[in-house]
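**Q** Let me begin by handing over the structure; questions about it come next.
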Protein chains: 2
Amino acid sequence: MSQPLDLETSPAERRRQKVRGAILEAAERVFSVEGEAGLSIRRLAEEIDYSPSALYKYFGSKEELVDELKEAFFGRLMESVDRAVLETLSFDQRVRRCFTRYIEVAVERPHHYLAAFSSLGPADADHPPGNDWCVFQESKKGQAFGTVVALVQEGQETGVFDSRLDPFLAAKSLWASMHGLAQLLIHLPGFSAMMPDRSRDISIKEFTAFHVGMMVRSLQPGLPAQVASECADV
Amino acid sequence: MSQPLDLETSPAERRRQKVRGAILEAAERVFSVEGEAGLSIRRLAEEIDYSPSALYKYFGSKEELVDELKEAFFGRLMESVDRAVLETLSFDQRVRRCFTRYIEVAVERPHHYLAAFSSLGPADADHPPGNDWCVFQESKKGQAFGTVVALVQEGQETGVFDSRLDPFLAAKSLWASMHGLAQLLIHLPGFSAMMPDRSRDISIKEFTAFHVGMMVRSLQPGLPAQVASECADV
DNA sequence: GCTGGGTGTGAACAGTGTTCACTTTCTAAA
DNA sequence: TTTAGAAAGTGAACACTGTTCACACCCAGC
């Protein structure tokens with residue numbers, strides 16, 4: 001799209017990238033609206049006026065193509081969260097903004113978000129043990145997670161978060177809570193509004209603020225000892 | 001299976017239910033291991049020695065069949081959680097047990113859990129507004145949710161939970177947190193074990209306990225006023 | 001100009017869910 | 001008991017899907 005037209009590449013290569021880009025662009029367009037279900041090789045081929053088999057000269061498989069969309073989405077997600085971290089706000093506001101952004105991006109592009117987390121299905125059963133953390137840390141998912149860990153640690157150093165909590169465990173817990181809300185907001189239409197008394201409607205924005213508030217509460221110090229110890233002790 | 005052989009039904013009807021049961025049984029068997037992806041009408045037909053088209057005399061579509069599996073799963077999930085609520089334990093233990101069970105059941109049958117929450121996809125865009133809560137409350141999902149609301153209210157009445165929190169909002173937040181952990185545990189193999197220092201491995205059980213602990217923390221009273229108000233105020 | 005490798009294509013394969021005309025089987029009424 | 005009709009079961013087909021492969025094409029480098 002706005003790539004700094006590489007002068008090193010040959011015309012043939014540039015032409016190839018042009019077609020590749022067109023495929024990805026069409027895929028992105030379809031995927032945004034209909035998700036992976038509505039994305040078929042034949043439809044994509046039709047959309048860019050090529051034969052279905054031509055696409056296999058550019059992508060090894062449909063999965064490979066979709067993976068590229070997911071990767072690009074992760075980039076946007078991380079960038080959006082990181083931007084929130086860098087804003088000059090109070091720590092409390094920064095934390096809240098960070099979590100809120102995550103939810104916002106997920107809800108804005110529901111198909112992307114869902115696909116991104118359905119990649120590693122239960123199909124690959126028992127994963128190869130060992131350098132899980134290493135490969136994770138280098139991925140975009142891992143980088144985003146690192147941001148959360150740093151945020152927790154900052155809070156602990158300044159005393160607004162309970163320093164007895166393991167920052168990594170806490171970050172994973174926070175991630176789970178965020179992920180859960182994003183999933184429910186996407187899958188259950190009207191999840192946020194769903195209330196027994198109809199007196200007031202609760203928007204996604206409002207419920208997200210509440211949920212983020214609960215997440216922040218869970219990190220705060222000054223709780224009765226008997227409970228706090230049970231929680232911190234894994 | 002162990003249905004109290006209804007004497008009211010005709011032999012034909014009983015025979016029909018037998019075949020229907022065989023289909024569901026085969027479907028359950030395949031679905032448990034391979035999920036919806038591995039479940040095909042033709043394969044199911046093969047497994048019960050019928051022709052593929054015969055299944056359509058028992059189920060309107062594949063989706064209808066899978067829905068029945070999901071519904072049955074929800075029954076087991078709710079039953080399992082309800083059993084935890086009824087155990088004679090301290091309130092704190094009861095709450096923890098309840099949430100933990102939810103995660104356990106989800107992880108035990110990952111394909112069922114995932115399918116159960118991918119039913120209402122973003123496909124049905126803007127849902128018909130109105131009696132959301134009513135239809136929800138009557139569903140099995142809704143009943144399970146009601147259990148959580150009651151639990152929160154009990155905690156508030158006995159003073160262990162912050163009474164300023166809206167019990168319905170809190171319950172939804174808790175549900176989101178549970179759901180998120182279940183999803184991540186299923187989708188990201190080794191999510192619980194994933195830690196930077198390899199000194200100790202963290203099992204699913206251990207991390208679940210920690211996460212549930214965080215959830216309980218978020219409900220507790222006695223927090224600094226300025227934060228608590230922000231949280232309670234949606 | 002020729003040659004070779006990358007580009008594009010149509011046909012085909014093995015799947016999928018689903019439908020439909022058709023036969024068989026069993027049930028219930030005459 | 002015979003018979004009409006509903007229910008059960010079937011094979012072939014339709015419209016899809018992802019993917020492969022032999023073939024034609026076109027364009028760059030010799």
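Residues are named by chain letter and number: chains run A, B, ... in the order of the structure tokens, numbers start at 1 in each chain, and ligands are numbered from 1 in the order shown.
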Could you please select, counting only C-alpha atoms (C1' of nucleotides), the residues of chain A within 9 Å of chain D and state them as a CSV table (one decimal) with N, CA and C atoms, in the first residue's frame?

**A**
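Heads up, here's the output in iface-v3.csv:
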```csv
chain,number,residue,atom,x,y,z
A,40,SER,N,-13.6,-17.5,-0.1
A,40,SER,CA,-13.3,-18.6,-0.9
A,40,SER,C,-12.3,-18.3,-2.0
A,41,ILE,N,-11.4,-19.2,-2.3
A,41,ILE,CA,-10.4,-19.0,-3.3
A,41,ILE,C,-11.1,-18.6,-4.7
A,42,ARG,N,-12.1,-19.2,-5.0
A,42,ARG,CA,-12.8,-18.9,-6.3
A,42,ARG,C,-13.4,-17.5,-6.3
A,53,SER,N,-6.7,-21.1,-9.7
A,53,SER,CA,-5.4,-21.8,-9.6
A,53,SER,C,-4.3,-20.7,-9.6
A,56,TYR,N,-2.5,-19.8,-6.3
A,56,TYR,CA,-1.6,-20.7,-5.7
A,56,TYR,C,-0.1,-20.4,-6.1
A,61,SER,N,-1.4,-21.8,0.3
A,61,SER,CA,-2.7,-22.3,0.6
A,61,SER,C,-3.6,-21.2,1.1
A,62,LYS,N,-4.8,-21.5,1.3
A,62,LYS,CA,-5.8,-20.5,1.8
A,62,LYS,C,-5.3,-20.1,3.2
```

**Q** As an mmCIF file with C-alpha atoms, in the first residue's frame, please: chain A after a least-squares superposition onto chain B using all C-alpha atoms matched in order.

**A**
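File selection_14.cif, as written:
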```cif
data_model
loop_
_atom_site.group_PDB
_atom_site.id
_atom_site.type_symbol
_atom_site.label_atom_id
_atom_site.label_comp_id
_atom_site.auth_asym_id
_atom_site.auth_seq_id
_atom_site.Cartn_x
_atom_site.Cartn_y
_atom_site.Cartn_z
ATOM 1 C CA MET A 1 -29.519 -43.448 26.820
ATOM 2 C CA SER A 2 -31.017 -43.858 30.303
ATOM 3 C CA GLN A 3 -34.398 -42.448 29.378
ATOM 4 C CA PRO A 4 -37.287 -44.047 31.286
ATOM 5 C CA LEU A 5 -38.597 -45.989 28.290
ATOM 6 C CA ASP A 6 -41.815 -44.140 27.536
ATOM 7 C CA LEU A 7 -44.657 -46.628 27.446
ATOM 8 C CA GLU A 8 -46.862 -44.177 25.595
ATOM 9 C CA THR A 9 -44.771 -44.355 22.431
ATOM 10 C CA SER A 10 -45.457 -46.795 19.630
ATOM 11 C CA PRO A 11 -42.870 -49.367 18.552
ATOM 12 C CA ALA A 12 -42.269 -47.356 15.399
ATOM 13 C CA GLU A 13 -41.597 -44.267 17.439
ATOM 14 C CA ARG A 14 -39.251 -46.137 19.742
ATOM 15 C CA ARG A 15 -37.427 -47.521 16.759
ATOM 16 C CA ARG A 16 -37.102 -44.038 15.365
ATOM 17 C CA GLN A 17 -35.691 -42.719 18.621
ATOM 18 C CA LYS A 18 -33.225 -45.567 18.642
ATOM 19 C CA VAL A 19 -31.809 -44.546 15.270
ATOM 20 C CA ARG A 20 -31.855 -40.882 16.265
ATOM 21 C CA GLY A 21 -29.936 -41.771 19.381
ATOM 22 C CA ALA A 22 -27.392 -43.734 17.385
ATOM 23 C CA ILE A 23 -26.785 -40.721 15.156
ATOM 24 C CA LEU A 24 -26.335 -38.413 18.127
ATOM 25 C CA GLU A 25 -24.087 -40.916 19.821
ATOM 26 C CA ALA A 26 -21.838 -41.211 16.783
ATOM 27 C CA ALA A 27 -21.857 -37.448 16.382
ATOM 28 C CA GLU A 28 -20.898 -36.987 20.017
ATOM 29 C CA ARG A 29 -18.073 -39.476 19.651
ATOM 30 C CA VAL A 30 -16.605 -37.770 16.598
ATOM 31 C CA PHE A 31 -17.234 -34.250 17.826
ATOM 32 C CA SER A 32 -15.488 -34.842 21.151
ATOM 33 C CA VAL A 33 -12.264 -35.734 19.416
ATOM 34 C CA GLU A 34 -12.246 -33.725 16.207
ATOM 35 C CA GLY A 35 -14.838 -31.011 16.681
ATOM 36 C CA GLU A 36 -17.185 -29.700 14.067
ATOM 37 C CA ALA A 37 -14.433 -29.740 11.452
ATOM 38 C CA GLY A 38 -14.155 -33.519 11.549
ATOM 39 C CA LEU A 39 -17.898 -34.062 11.671
ATOM 40 C CA SER A 40 -19.380 -34.698 8.246
ATOM 41 C CA ILE A 41 -22.768 -36.088 7.329
ATOM 42 C CA ARG A 42 -21.223 -38.711 5.125
ATOM 43 C CA ARG A 43 -18.866 -39.883 7.834
ATOM 44 C CA LEU A 44 -21.682 -40.060 10.354
ATOM 45 C CA ALA A 45 -23.786 -42.039 7.907
ATOM 46 C CA GLU A 46 -20.913 -44.442 7.326
ATOM 47 C CA GLU A 47 -20.447 -44.901 11.055
ATOM 48 C CA ILE A 48 -24.045 -45.946 11.659
ATOM 49 C CA ASP A 49 -24.368 -47.871 8.360
ATOM 50 C CA TYR A 50 -26.923 -45.589 6.756
ATOM 51 C CA SER A 51 -26.880 -43.500 3.626
ATOM 52 C CA PRO A 52 -26.064 -39.798 4.050
ATOM 53 C CA SER A 53 -29.499 -38.701 2.915
ATOM 54 C CA ALA A 54 -31.126 -40.865 5.585
ATOM 55 C CA LEU A 55 -29.882 -38.521 8.298
ATOM 56 C CA TYR A 56 -32.064 -35.765 6.903
ATOM 57 C CA LYS A 57 -35.101 -37.775 7.957
ATOM 58 C CA TYR A 58 -33.969 -37.243 11.546
ATOM 59 C CA PHE A 59 -32.311 -33.824 11.483
ATOM 60 C CA GLY A 60 -33.220 -30.895 9.299
ATOM 61 C CA SER A 61 -29.609 -29.952 8.797
ATOM 62 C CA LYS A 62 -26.133 -30.490 10.134
ATOM 63 C CA GLU A 63 -26.493 -27.316 12.169
ATOM 64 C CA GLU A 64 -29.608 -28.673 13.849
ATOM 65 C CA LEU A 65 -27.725 -31.811 14.802
ATOM 66 C CA VAL A 66 -24.771 -29.907 16.207
ATOM 67 C CA ASP A 67 -27.120 -27.603 18.109
ATOM 68 C CA GLU A 68 -28.451 -30.636 19.912
ATOM 69 C CA LEU A 69 -24.926 -31.601 20.958
ATOM 70 C CA LYS A 70 -24.309 -28.085 22.203
ATOM 71 C CA GLU A 71 -27.544 -27.997 24.162
ATOM 72 C CA ALA A 72 -26.648 -31.279 25.834
ATOM 73 C CA PHE A 73 -23.230 -29.893 26.692
ATOM 74 C CA PHE A 74 -24.738 -26.795 28.244
ATOM 75 C CA GLY A 75 -26.835 -29.044 30.409
ATOM 76 C CA ARG A 76 -23.740 -30.810 31.679
ATOM 77 C CA LEU A 77 -21.913 -27.532 32.216
ATOM 78 C CA MET A 78 -24.734 -26.035 34.237
ATOM 79 C CA GLU A 79 -25.265 -29.175 36.219
ATOM 80 C CA SER A 80 -21.606 -29.295 37.094
ATOM 81 C CA VAL A 81 -21.539 -25.683 38.262
ATOM 82 C CA ASP A 82 -24.783 -26.063 40.164
ATOM 83 C CA ARG A 83 -23.420 -29.095 41.968
ATOM 84 C CA ALA A 84 -20.512 -26.937 43.127
ATOM 85 C CA VAL A 85 -22.904 -24.315 44.470
ATOM 86 C CA LEU A 86 -24.834 -26.860 46.480
ATOM 87 C CA GLU A 87 -21.787 -28.278 48.219
ATOM 88 C CA THR A 88 -21.645 -27.485 51.897
ATOM 89 C CA LEU A 89 -18.592 -25.320 52.059
ATOM 90 C CA SER A 90 -17.682 -21.866 53.228
ATOM 91 C CA PHE A 91 -18.944 -19.109 50.961
ATOM 92 C CA ASP A 92 -15.464 -18.290 49.786
ATOM 93 C CA GLN A 93 -14.718 -21.899 48.878
ATOM 94 C CA ARG A 94 -18.092 -22.284 47.219
ATOM 95 C CA VAL A 95 -17.505 -19.299 44.962
ATOM 96 C CA ARG A 96 -14.077 -20.502 43.995
ATOM 97 C CA ARG A 97 -15.280 -24.041 43.369
ATOM 98 C CA CYS A 98 -18.079 -22.742 41.185
ATOM 99 C CA PHE A 99 -15.819 -20.738 38.904
ATOM 100 C CA THR A 100 -13.196 -23.449 38.838
ATOM 101 C CA ARG A 101 -15.724 -26.051 37.740
ATOM 102 C CA TYR A 102 -16.745 -23.886 34.846
ATOM 103 C CA ILE A 103 -13.183 -23.772 33.592
ATOM 104 C CA GLU A 104 -12.655 -27.467 34.214
ATOM 105 C CA VAL A 105 -15.678 -28.534 32.194
ATOM 106 C CA ALA A 106 -14.701 -26.194 29.356
ATOM 107 C CA VAL A 107 -11.161 -27.556 29.217
ATOM 108 C CA GLU A 108 -12.366 -31.149 29.476
ATOM 109 C CA ARG A 109 -14.527 -30.766 26.379
ATOM 110 C CA PRO A 110 -12.816 -28.016 24.410
ATOM 111 C CA HIS A 111 -14.647 -28.591 21.134
ATOM 112 C CA HIS A 112 -18.015 -28.465 22.816
ATOM 113 C CA TYR A 113 -17.194 -25.327 24.713
ATOM 114 C CA LEU A 114 -15.853 -23.504 21.678
ATOM 115 C CA ALA A 115 -18.790 -24.523 19.520
ATOM 116 C CA ALA A 116 -21.257 -23.474 22.182
ATOM 117 C CA PHE A 117 -19.955 -19.928 22.079
ATOM 118 C CA SER A 118 -19.431 -19.636 18.372
ATOM 119 C CA SER A 119 -23.081 -20.288 17.696
ATOM 120 C CA LEU A 120 -24.214 -16.686 17.723
ATOM 121 C CA GLY A 121 -21.577 -15.358 15.419
ATOM 122 C CA PRO A 122 -21.270 -11.808 14.148
ATOM 123 C CA ALA A 123 -23.168 -13.045 11.113
ATOM 124 C CA ASP A 124 -26.534 -12.048 12.540
ATOM 125 C CA ALA A 125 -25.257 -8.499 12.763
ATOM 126 C CA ASP A 126 -27.730 -6.308 14.605
ATOM 127 C CA HIS A 127 -29.934 -8.535 16.705
ATOM 128 C CA PRO A 128 -33.627 -7.762 17.040
ATOM 129 C CA PRO A 129 -33.875 -5.331 19.926
ATOM 130 C CA GLY A 130 -36.286 -5.892 22.767
ATOM 131 C CA ASN A 131 -36.744 -8.981 24.863
ATOM 132 C CA ASP A 132 -33.117 -9.981 24.914
ATOM 133 C CA TRP A 133 -33.055 -10.556 28.597
ATOM 134 C CA CYS A 134 -36.274 -12.554 28.606
ATOM 135 C CA VAL A 135 -35.180 -15.098 26.018
ATOM 136 C CA PHE A 136 -31.740 -15.260 27.575
ATOM 137 C CA GLN A 137 -33.036 -15.836 31.075
ATOM 138 C CA GLU A 138 -34.985 -18.864 29.922
ATOM 139 C CA SER A 139 -32.078 -20.476 28.112
ATOM 140 C CA LYS A 140 -29.604 -22.737 29.833
ATOM 141 C CA LYS A 141 -26.960 -20.090 29.423
ATOM 142 C CA GLY A 142 -29.256 -17.715 31.243
ATOM 143 C CA GLN A 143 -29.887 -20.093 34.109
ATOM 144 C CA ALA A 144 -26.185 -20.578 34.662
ATOM 145 C CA PHE A 145 -25.775 -16.822 34.649
ATOM 146 C CA GLY A 146 -28.519 -16.488 37.237
ATOM 147 C CA THR A 147 -26.489 -18.731 39.508
ATOM 148 C CA VAL A 148 -23.568 -16.312 39.336
ATOM 149 C CA VAL A 149 -25.779 -13.304 40.040
ATOM 150 C CA ALA A 150 -27.194 -15.026 43.106
ATOM 151 C CA LEU A 151 -23.689 -15.834 44.276
ATOM 152 C CA VAL A 152 -22.613 -12.201 43.989
ATOM 153 C CA GLN A 153 -25.702 -11.035 45.844
ATOM 154 C CA GLU A 154 -25.094 -13.540 48.618
ATOM 155 C CA GLY A 155 -21.574 -12.226 48.982
ATOM 156 C CA GLN A 156 -22.818 -8.664 49.110
ATOM 157 C CA GLU A 157 -25.403 -9.466 51.768
ATOM 158 C CA THR A 158 -22.827 -11.119 53.972
ATOM 159 C CA GLY A 159 -20.412 -8.262 53.445
ATOM 160 C CA VAL A 160 -17.582 -10.154 51.787
ATOM 161 C CA PHE A 161 -18.266 -8.478 48.417
ATOM 162 C CA ASP A 162 -18.529 -4.776 47.720
ATOM 163 C CA SER A 163 -22.219 -3.925 47.929
ATOM 164 C CA ARG A 164 -21.753 -0.856 45.754
ATOM 165 C CA LEU A 165 -21.294 -3.047 42.710
ATOM 166 C CA ASP A 166 -24.258 -3.812 40.521
ATOM 167 C CA PRO A 167 -24.609 -7.584 40.889
ATOM 168 C CA PHE A 168 -25.671 -8.063 37.291
ATOM 169 C CA LEU A 169 -22.820 -6.065 35.881
ATOM 170 C CA ALA A 170 -20.435 -7.847 38.204
ATOM 171 C CA ALA A 171 -21.767 -11.242 37.154
ATOM 172 C CA LYS A 172 -21.348 -10.388 33.489
ATOM 173 C CA SER A 173 -17.820 -9.227 34.175
ATOM 174 C CA LEU A 174 -17.046 -12.455 36.022
ATOM 175 C CA TRP A 175 -18.503 -14.491 33.209
ATOM 176 C CA ALA A 176 -16.297 -12.665 30.727
ATOM 177 C CA SER A 177 -13.232 -13.361 32.841
ATOM 178 C CA MET A 178 -14.058 -17.036 33.128
ATOM 179 C CA HIS A 179 -14.848 -17.324 29.463
ATOM 180 C CA GLY A 180 -11.598 -15.652 28.538
ATOM 181 C CA LEU A 181 -9.503 -18.045 30.542
ATOM 182 C CA ALA A 182 -11.356 -21.042 29.162
ATOM 183 C CA GLN A 183 -10.802 -19.782 25.620
ATOM 184 C CA LEU A 184 -7.113 -19.102 26.084
ATOM 185 C CA LEU A 185 -6.487 -22.431 27.801
ATOM 186 C CA ILE A 186 -8.152 -24.179 24.882
ATOM 187 C CA HIS A 187 -6.692 -22.166 22.033
ATOM 188 C CA LEU A 188 -3.170 -21.526 23.275
ATOM 189 C CA PRO A 189 -1.703 -24.856 24.306
ATOM 190 C CA GLY A 190 0.624 -24.279 27.183
ATOM 191 C CA PHE A 191 -0.894 -20.928 28.090
ATOM 192 C CA SER A 192 -0.834 -21.699 31.785
ATOM 193 C CA ALA A 193 2.693 -23.069 31.762
ATOM 194 C CA MET A 194 4.042 -20.174 29.728
ATOM 195 C CA MET A 195 6.380 -18.316 32.061
ATOM 196 C CA PRO A 196 9.674 -16.472 31.644
ATOM 197 C CA ASP A 197 11.497 -18.243 34.430
ATOM 198 C CA ARG A 198 11.476 -21.983 34.002
ATOM 199 C CA SER A 199 12.052 -22.606 37.679
ATOM 200 C CA ARG A 200 8.565 -23.980 38.203
ATOM 201 C CA ASP A 201 5.906 -25.234 35.836
ATOM 202 C CA ILE A 202 2.437 -23.881 36.328
ATOM 203 C CA SER A 203 -0.377 -26.309 35.676
ATOM 204 C CA ILE A 204 -3.789 -25.420 34.320
ATOM 205 C CA LYS A 205 -5.204 -26.143 37.753
ATOM 206 C CA GLU A 206 -2.782 -23.776 39.436
ATOM 207 C CA PHE A 207 -3.284 -20.942 37.018
ATOM 208 C CA THR A 208 -7.035 -21.342 37.160
ATOM 209 C CA ALA A 209 -6.855 -21.016 40.951
ATOM 210 C CA PHE A 210 -4.844 -17.833 40.545
ATOM 211 C CA HIS A 211 -7.222 -16.358 37.995
ATOM 212 C CA VAL A 212 -10.250 -17.206 40.121
ATOM 213 C CA GLY A 213 -8.442 -15.549 42.999
ATOM 214 C CA MET A 214 -8.064 -12.396 40.930
ATOM 215 C CA MET A 215 -11.745 -12.500 40.111
ATOM 216 C CA VAL A 216 -12.645 -12.751 43.778
ATOM 217 C CA ARG A 217 -10.269 -9.893 44.580
ATOM 218 C CA SER A 218 -12.095 -7.663 42.128
ATOM 219 C CA LEU A 219 -15.302 -8.114 44.096
ATOM 220 C CA GLN A 220 -13.972 -7.332 47.518
ATOM 221 C CA PRO A 221 -14.790 -4.164 49.438
ATOM 222 C CA GLY A 222 -12.476 -1.863 51.295
ATOM 223 C CA LEU A 223 -10.753 -0.285 48.336
ATOM 224 C CA PRO A 224 -9.640 3.331 48.176
ATOM 225 C CA ALA A 225 -12.685 5.450 47.485
ATOM 226 C CA GLN A 226 -11.482 7.218 44.391
ATOM 227 C CA VAL A 227 -10.895 3.994 42.571
ATOM 228 C CA ALA A 228 -13.868 2.098 43.867
ATOM 229 C CA SER A 229 -16.257 4.810 42.774
ATOM 230 C CA GLU A 230 -14.804 4.904 39.302
ATOM 231 C CA CYS A 231 -15.311 1.192 39.014
ATOM 232 C CA ALA A 232 -18.815 0.977 40.368
ATOM 233 C CA ASP A 233 -19.944 3.905 38.307
ATOM 234 C CA VAL A 234 -20.757 2.708 34.822
#
```

**Q** Quick check: residues of chain C within 12 Å of chain B, only C-alpha atoms (C1' of nucleotides), returned as an mmCIF file with N, CA and C atoms (P, O5', C5', C4', C3', O3' and C1' of nucleotides), in the first residue's frame.

**A**
```cif
data_model
loop_
_atom_site.group_PDB
_atom_site.id
_atom_site.type_symbol
_atom_site.label_atom_id
_atom_site.label_comp_id
_atom_site.auth_asym_id
_atom_site.auth_seq_id
_atom_site.Cartn_x
_atom_site.Cartn_y
_atom_site.Cartn_z
ATOM 1 P P DG C 15 -11.538 -38.432 -0.273
ATOM 2 O "O5'" DG C 15 -12.359 -37.495 0.732
ATOM 3 C "C5'" DG C 15 -13.606 -36.939 0.301
ATOM 4 C "C4'" DG C 15 -13.660 -35.497 0.733
ATOM 5 C "C3'" DG C 15 -15.024 -35.064 1.268
ATOM 6 O "O3'" DG C 15 -15.046 -35.227 2.674
ATOM 7 C "C1'" DG C 15 -14.281 -33.544 -0.397
ATOM 8 P P DT C 16 -16.394 -35.584 3.393
ATOM 9 O "O5'" DT C 16 -17.203 -34.219 3.334
ATOM 10 C "C5'" DT C 16 -16.655 -33.043 3.963
ATOM 11 C "C4'" DT C 16 -17.491 -31.844 3.561
ATOM 12 C "C3'" DT C 16 -18.984 -32.015 3.735
ATOM 13 O "O3'" DT C 16 -19.332 -31.817 5.095
ATOM 14 C "C1'" DT C 16 -18.500 -30.928 1.674
ATOM 15 P P DG C 17 -20.739 -32.420 5.599
ATOM 16 O "O5'" DG C 17 -21.807 -31.406 4.989
ATOM 17 C "C5'" DG C 17 -21.832 -30.063 5.451
ATOM 18 C "C4'" DG C 17 -22.947 -29.304 4.762
ATOM 19 C "C3'" DG C 17 -24.358 -29.795 5.122
ATOM 20 O "O3'" DG C 17 -25.255 -28.682 5.191
ATOM 21 C "C1'" DG C 17 -23.993 -30.064 2.801
ATOM 22 P P DT C 18 -26.768 -28.972 5.678
ATOM 23 O "O5'" DT C 18 -27.511 -29.279 4.300
ATOM 24 C "C5'" DT C 18 -27.440 -28.319 3.248
ATOM 25 C "C4'" DT C 18 -28.161 -28.829 2.026
ATOM 26 C "C3'" DT C 18 -29.529 -29.461 2.316
ATOM 27 O "O3'" DT C 18 -30.537 -28.657 1.717
ATOM 28 C "C1'" DT C 18 -28.257 -30.719 0.736
ATOM 29 P P DT C 19 -32.070 -29.046 1.869
ATOM 30 O "O5'" DT C 19 -32.377 -29.697 0.438
ATOM 31 C "C5'" DT C 19 -31.954 -29.012 -0.730
ATOM 32 C "C4'" DT C 19 -32.365 -29.797 -1.971
ATOM 33 C "C3'" DT C 19 -33.791 -30.357 -1.931
ATOM 34 O "O3'" DT C 19 -34.411 -30.097 -3.187
ATOM 35 C "C1'" DT C 19 -32.236 -32.090 -2.381
ATOM 36 P P DC C 20 -36.002 -30.161 -3.313
ATOM 37 O "O5'" DC C 20 -36.202 -31.211 -4.484
ATOM 38 C "C5'" DC C 20 -35.076 -31.625 -5.277
ATOM 39 C "C4'" DC C 20 -35.349 -32.969 -5.924
ATOM 40 C "C3'" DC C 20 -36.763 -33.525 -5.705
ATOM 41 O "O3'" DC C 20 -37.198 -34.171 -6.888
ATOM 42 C "C1'" DC C 20 -35.199 -35.060 -4.890
ATOM 43 P P DT C 25 -37.980 -54.311 1.720
ATOM 44 O "O5'" DT C 25 -38.586 -53.728 3.061
ATOM 45 C "C5'" DT C 25 -37.957 -52.606 3.710
ATOM 46 C "C4'" DT C 25 -38.945 -51.979 4.673
ATOM 47 C "C3'" DT C 25 -39.863 -52.992 5.372
ATOM 48 O "O3'" DT C 25 -39.797 -52.782 6.764
ATOM 49 C "C1'" DT C 25 -41.106 -51.183 4.524
ATOM 50 P P DC C 26 -40.296 -53.990 7.810
ATOM 51 O "O5'" DC C 26 -41.156 -53.165 8.846
ATOM 52 C "C5'" DC C 26 -40.929 -51.752 8.984
ATOM 53 C "C4'" DC C 26 -42.255 -51.032 9.103
ATOM 54 C "C3'" DC C 26 -43.322 -51.774 9.915
ATOM 55 O "O3'" DC C 26 -43.741 -50.946 10.985
ATOM 56 C "C1'" DC C 26 -44.232 -50.885 7.936
ATOM 57 P P DT C 27 -44.697 -51.580 12.171
ATOM 58 O "O5'" DT C 27 -45.912 -50.559 12.179
ATOM 59 C "C5'" DT C 27 -45.691 -49.179 11.856
ATOM 60 C "C4'" DT C 27 -47.016 -48.524 11.482
ATOM 61 C "C3'" DT C 27 -48.220 -48.987 12.301
ATOM 62 O "O3'" DT C 27 -48.980 -47.851 12.686
ATOM 63 C "C1'" DT C 27 -48.680 -49.240 9.997
#
```

**Q** Could you go through segment 1-49 of chain B and tell me which residues DSSP, when run on the backbone, assigns to alpha helix (DSSP H), listing them as JSON, numbers by chain?

**A** {"B": [11, 12, 13, 14, 15, 16, 17, 18, 19, 20, 21, 22, 23, 24, 25, 26, 27, 28, 29, 30, 31, 32, 33, 34, 41, 42, 43, 44, 45, 46, 47]}
